[in-house]
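> Structure file coords_37.csv (CSV, C-alpha atoms and all ligand atoms) right here:
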chain,number,residue,atom,x,y,z
A,17,MET,CA,141.5,65.3,110.7
A,18,LEU,CA,139.4,62.2,111.1
A,19,HIS,CA,140.0,59.0,109.1
A,20,THR,CA,138.0,55.9,108.8
A,21,ILE,CA,140.1,52.9,109.4
A,22,LYS,CA,139.4,49.2,109.2
A,23,MET,CA,141.7,46.5,110.6
A,24,THR,CA,141.5,43.1,112.1
A,25,VAL,CA,142.3,43.0,115.7
A,26,ASN,CA,142.6,39.6,117.4
A,27,GLY,CA,140.6,38.1,114.6
A,28,GLU,CA,137.8,40.6,114.7
A,29,LEU,CA,137.1,43.2,112.1
A,30,VAL,CA,137.3,46.7,113.6
A,31,LYS,CA,136.1,49.9,111.9
A,32,ALA,CA,136.6,53.2,113.6
A,33,GLU,CA,137.2,56.9,113.1
A,34,VAL,CA,140.4,58.2,114.4
A,35,PHE,CA,142.4,61.3,114.3
A,36,SER,CA,145.5,61.3,112.2
A,37,GLN,CA,147.8,61.6,115.1
A,38,MET,CA,146.4,58.8,117.2
A,39,ARG,CA,149.0,56.2,118.0
A,40,LEU,CA,148.1,52.5,117.5
A,41,LEU,CA,148.9,52.0,121.2
A,42,ASP,CA,146.3,54.5,122.2
A,43,PHE,CA,143.8,53.2,119.7
A,44,LEU,CA,144.1,49.7,121.2
A,45,ARG,CA,144.1,50.8,124.8
A,46,GLU,CA,141.6,53.7,124.8
A,47,GLU,CA,139.2,52.8,121.9
A,48,LEU,CA,139.3,49.0,122.1
A,49,ASP,CA,140.0,48.5,125.8
A,50,LEU,CA,142.9,46.2,125.0
A,51,ILE,CA,145.3,47.3,127.7
A,52,GLY,CA,147.8,44.4,127.5
A,53,ALA,CA,150.2,46.5,125.4
A,54,LYS,CA,151.7,48.9,127.8
A,55,GLU,CA,153.3,52.3,127.5
A,56,GLY,CA,156.8,52.4,129.0
A,57,CYS,CA,159.0,54.9,127.2
A,58,GLY,CA,156.7,56.0,124.5
A,59,LYS,CA,159.6,56.4,122.1
A,60,GLY,CA,160.5,53.0,120.8
A,61,GLU,CA,163.0,52.0,123.4
A,62,CYS,CA,161.4,49.6,125.9
A,63,GLY,CA,159.2,47.2,123.9
A,64,ALA,CA,156.4,47.2,126.5
A,65,CYS,CA,153.9,48.3,123.7
A,66,THR,CA,154.8,45.5,121.3
A,67,VAL,CA,152.0,44.0,119.2
A,68,LEU,CA,152.1,42.1,116.0
A,69,VAL,CA,151.0,43.8,112.8
A,70,ASP,CA,150.7,41.4,109.9
A,71,GLY,CA,152.7,38.9,112.0
A,72,GLU,CA,155.6,41.3,112.7
A,73,PRO,CA,156.4,42.8,116.1
A,74,VAL,CA,156.0,46.5,116.1
A,75,ASN,CA,156.3,49.2,118.8
A,76,SER,CA,152.7,50.4,118.8
A,77,CYS,CA,153.8,53.7,120.4
A,78,LEU,CA,155.6,54.5,117.2
A,79,MET,CA,152.9,53.5,114.8
A,80,LEU,CA,149.8,55.5,114.0
A,81,ALA,CA,146.5,53.9,114.0
A,82,VAL,CA,145.9,55.0,110.4
A,83,GLU,CA,149.1,53.1,109.5
A,84,ALA,CA,147.5,49.9,110.6
A,85,ASP,CA,144.5,50.5,108.3
A,86,GLY,CA,143.8,47.3,106.4
A,87,LYS,CA,146.3,45.3,108.5
A,88,GLU,CA,146.0,42.4,110.9
A,89,VAL,CA,146.8,43.3,114.5
A,90,LEU,CA,147.4,40.7,117.2
A,91,THR,CA,147.7,41.8,120.8
A,92,VAL,CA,148.4,39.7,123.9
A,93,GLU,CA,144.7,39.5,124.5
A,94,GLY,CA,144.4,37.6,121.2
A,95,LEU,CA,146.6,34.7,122.4
A,96,GLY,CA,145.4,31.6,124.2
A,97,GLU,CA,141.9,30.4,124.1
A,98,GLY,CA,139.4,31.1,126.9
A,99,ASP,CA,141.1,30.3,130.2
A,100,ARG,CA,143.9,28.5,128.4
A,101,LEU,CA,147.1,30.5,128.1
A,102,ASP,CA,149.2,30.6,125.0
A,103,ALA,CA,152.2,28.2,125.2
A,104,ILE,CA,154.5,31.2,125.5
A,105,GLN,CA,152.5,32.7,128.3
A,106,GLN,CA,152.3,29.3,130.1
A,107,SER,CA,156.0,28.8,129.8
A,108,ILE,CA,156.7,32.2,131.3
A,109,VAL,CA,154.5,31.3,134.2
A,110,ASP,CA,156.1,27.9,134.6
A,111,ASN,CA,159.6,29.3,134.5
A,112,SER,CA,158.8,32.1,136.9
A,113,ALA,CA,160.0,34.5,134.3
A,114,LEU,CA,158.3,37.6,135.5
A,115,GLN,CA,158.0,39.8,138.5
A,116,CYS,CA,156.0,43.0,138.1
A,117,GLY,CA,154.9,41.8,134.6
A,118,TYR,CA,154.9,45.2,133.0
A,119,CYS,CA,157.2,44.1,130.2
A,120,THR,CA,155.7,40.6,129.8
A,121,PRO,CA,153.0,41.3,127.2
A,122,GLY,CA,155.6,42.9,125.0
A,123,ILE,CA,158.0,40.1,125.5
A,124,VAL,CA,155.4,37.5,124.8
A,125,MET,CA,154.4,39.3,121.5
A,126,SER,CA,158.0,39.6,120.4
A,127,ALA,CA,158.5,35.9,121.1
A,128,LYS,CA,155.3,35.1,119.3
A,129,GLY,CA,156.5,37.0,116.2
A,130,LEU,CA,159.7,35.0,116.3
A,131,LEU,CA,158.1,31.6,116.6
A,132,LEU,CA,155.6,32.4,113.8
A,133,ARG,CA,158.5,32.8,111.4
A,134,ASN,CA,161.0,30.4,112.9
A,135,THR,CA,159.6,27.5,114.9
A,136,ASN,CA,163.0,26.3,116.0
A,137,PRO,CA,165.1,29.4,116.9
A,138,THR,CA,168.6,29.2,118.4
A,139,ARG,CA,169.1,30.8,121.8
A,140,ASP,CA,170.9,33.7,120.0
A,141,GLU,CA,167.9,34.2,117.8
A,142,VAL,CA,165.6,34.3,120.9
A,143,VAL,CA,168.0,36.9,122.5
A,144,GLU,CA,167.9,38.9,119.3
A,145,ALA,CA,164.1,38.7,119.1
A,146,ILE,CA,163.6,40.1,122.5
A,147,SER,CA,166.5,42.6,122.4
A,148,GLY,CA,164.1,45.5,122.1
A,149,ASN,CA,162.2,44.5,125.2
A,150,LEU,CA,163.5,45.9,128.4
A,151,CYS,CA,162.8,44.3,131.8
A,152,ARG,CA,163.7,46.2,134.9
A,153,CYS,CA,163.0,43.3,137.4
A,154,THR,CA,163.6,39.8,136.3
A,155,GLY,CA,166.5,39.8,134.0
A,156,TYR,CA,166.4,37.8,130.8
A,157,ALA,CA,167.8,34.3,131.5
A,158,ARG,CA,164.5,32.8,132.6
A,159,VAL,CA,162.6,34.6,129.9
A,160,ILE,CA,164.9,33.1,127.3
A,161,ASP,CA,164.7,29.7,128.9
A,162,ALA,CA,160.9,29.9,128.8
A,163,ILE,CA,160.8,30.8,125.1
A,164,MET,CA,163.4,28.1,124.2
A,165,GLN,CA,161.2,25.5,126.0
A,166,VAL,CA,158.2,26.5,123.8
A,167,SER,CA,160.2,26.5,120.6
A,168,ALA,CA,161.6,23.0,121.5
A,169,SER,CA,158.2,21.5,122.1
A,170,SER,CA,155.8,23.5,119.9
A,171,ASP,CA,155.0,24.0,116.2
A,172,SER,CA,154.3,27.6,117.3
A,173,GLN,CA,150.7,27.4,116.5
A,174,ASP,CA,150.2,27.7,120.3
A,175,GLU,CA,147.2,25.7,120.9
A,176,GLY,CA,148.1,26.0,124.6
A,177,SER,CA,151.0,24.6,126.5
A,178,GLU,CA,152.4,21.6,124.9
A,179,ARG,CA,155.1,20.9,127.5
B,1,LIG,S1,156.3,52.3,125.0
B,1,LIG,FE1,156.7,51.7,123.0
B,1,LIG,S2,158.8,51.1,122.9
B,1,LIG,FE2,158.5,51.9,125.0
B,2,LIG,S1,158.9,41.8,135.1
B,2,LIG,FE1,158.9,43.9,135.8
B,2,LIG,S2,159.7,45.0,134.0
B,2,LIG,FE2,159.9,42.9,133.5
Kindly transcribe the structure held in the file into structure tokens.
Ligand code: FES
Ligand code: FES

Amino acid sequence: MLHTIKMTVNGELVKAEVFSQMRLLDFLREELDLIGAKEGCGKGECGACTVLVDGEPVNSCLMLAVEADGKEVLTVEGLGEGDRLDAIQQSIVDNSALQCGYCTPGIVMSAKGLLLRNTNPTRDEVVEAISGNLCRCTGYARVIDAIMQVSASSDSQDEGSER
């Protein structure tokens, strides 16, 4: 069955017709060409598909597109401005906190969700925030350092790197 949905994606109003069973992840990747959110496990275990919905990190592989109707969706493509990376992205780069990068958009969005609600998290809170994001290459120490550096120097509005 087709449904008409409307949502804001990265600040732009999107209206579309989708089948009931279409996942938000597929809607973003296949219908909107926003391929930053990745499919890892497809069952809520790896966090590679993390996006923000109304400011909260969600696994977009577990959410239907129709469930995002009327909501505000932010993907990794919506961060930064032009060529300027978001502060979290820049800090990940500066700290060499990635290797293959498959997990990175999801980690960035989980961190973004944390910093939107808590501008000065503890290290434990950062660990908790990314606990649903699995990385098979880099490990987590540098990732946590990168997020901590942003939280220490930013008001989380991420108008670019503020380090
Ligand atoms: S692909 Fe969604 S949690 Fe792994
Ligand atoms: S950098 Fe490769 S999975 Fe995290």
> Go through the chains and note each residue within 7 Å of ligand LIG 1 (chain B), using all atoms listed in the file, then give the set as a PyMOL selection string.
chain A and resi 54-66+75-78
> Hey, what's within 9 Å of Met17 of chain A if we count all atoms listed in the file and toss same-chain stuff fewer than 5 positions away? As a PDB file with C-alpha atoms, in the frame of the given file, please?

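Saved result, result_5.pdb, follows:
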ATOM      1  CA  VAL A  34     140.400  58.200 114.400  1.00  0.00           C
ATOM      2  CA  PHE A  35     142.400  61.300 114.300  1.00  0.00           C
ATOM      3  CA  SER A  36     145.500  61.300 112.200  1.00  0.00           C
ATOM      4  CA  GLN A  37     147.800  61.600 115.100  1.00  0.00           C
TER       5      GLN A  37
END
> Which chains and residue numbers are within 8 Å of ligand LIG 2 (chain B), counting all atoms listed in the file, if I want them as a list in words?
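I would give the residues around ligand LIG 2 (chain B) as Ala113, Leu114, Gln115, Cys116, Gly117, Tyr118, Cys119, Thr120, Leu150, Cys151, Arg152, Cys153, Thr154 and Gly155 of chain A.
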> Which residues, protein or nucleic acid, reach to within 7 Å of (141.4, 48.2, 109.6) in the file's coordinates when using all atoms listed in the file, and can you give that as a ChimeraX atom specification?
/A:21-24,30-31,84-87
> With distances taken over all atoms listed in the file, which of A:Asp110, A:Asn26, A:Arg139, A:Ala32 is nearest to Val69 of chain A?
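That would be A:Asn26, the residue with the smallest distance to Val69 of chain A.
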> With 8 Å as the cut-off and only C-alpha atoms counted, what is the closest atom pair between each nearby residue of segment 106-144 of chain A and segment 90-93 of chain A? Distances in Å to one decimal, ordered by chain and number, as a Markdown table.

| residue | atom | partner | partner_atom | distance |
| --- | --- | --- | --- | --- |
| A:Pro121 | CA | A:Val92 | CA | 5.9 |
| A:Gly122 | CA | A:Val92 | CA | 8.0 |
| A:Val124 | CA | A:Val92 | CA | 7.4 |
| A:Met125 | CA | A:Val92 | CA | 6.5 |
> Tell me, as a PyMOL selection string, which residues lie within 8 Å of Gly71 of chain A, counting all atoms listed in the file; anything in the same chain fewer than 4 positions away does not count.
chain A and resi 88-90+129+132
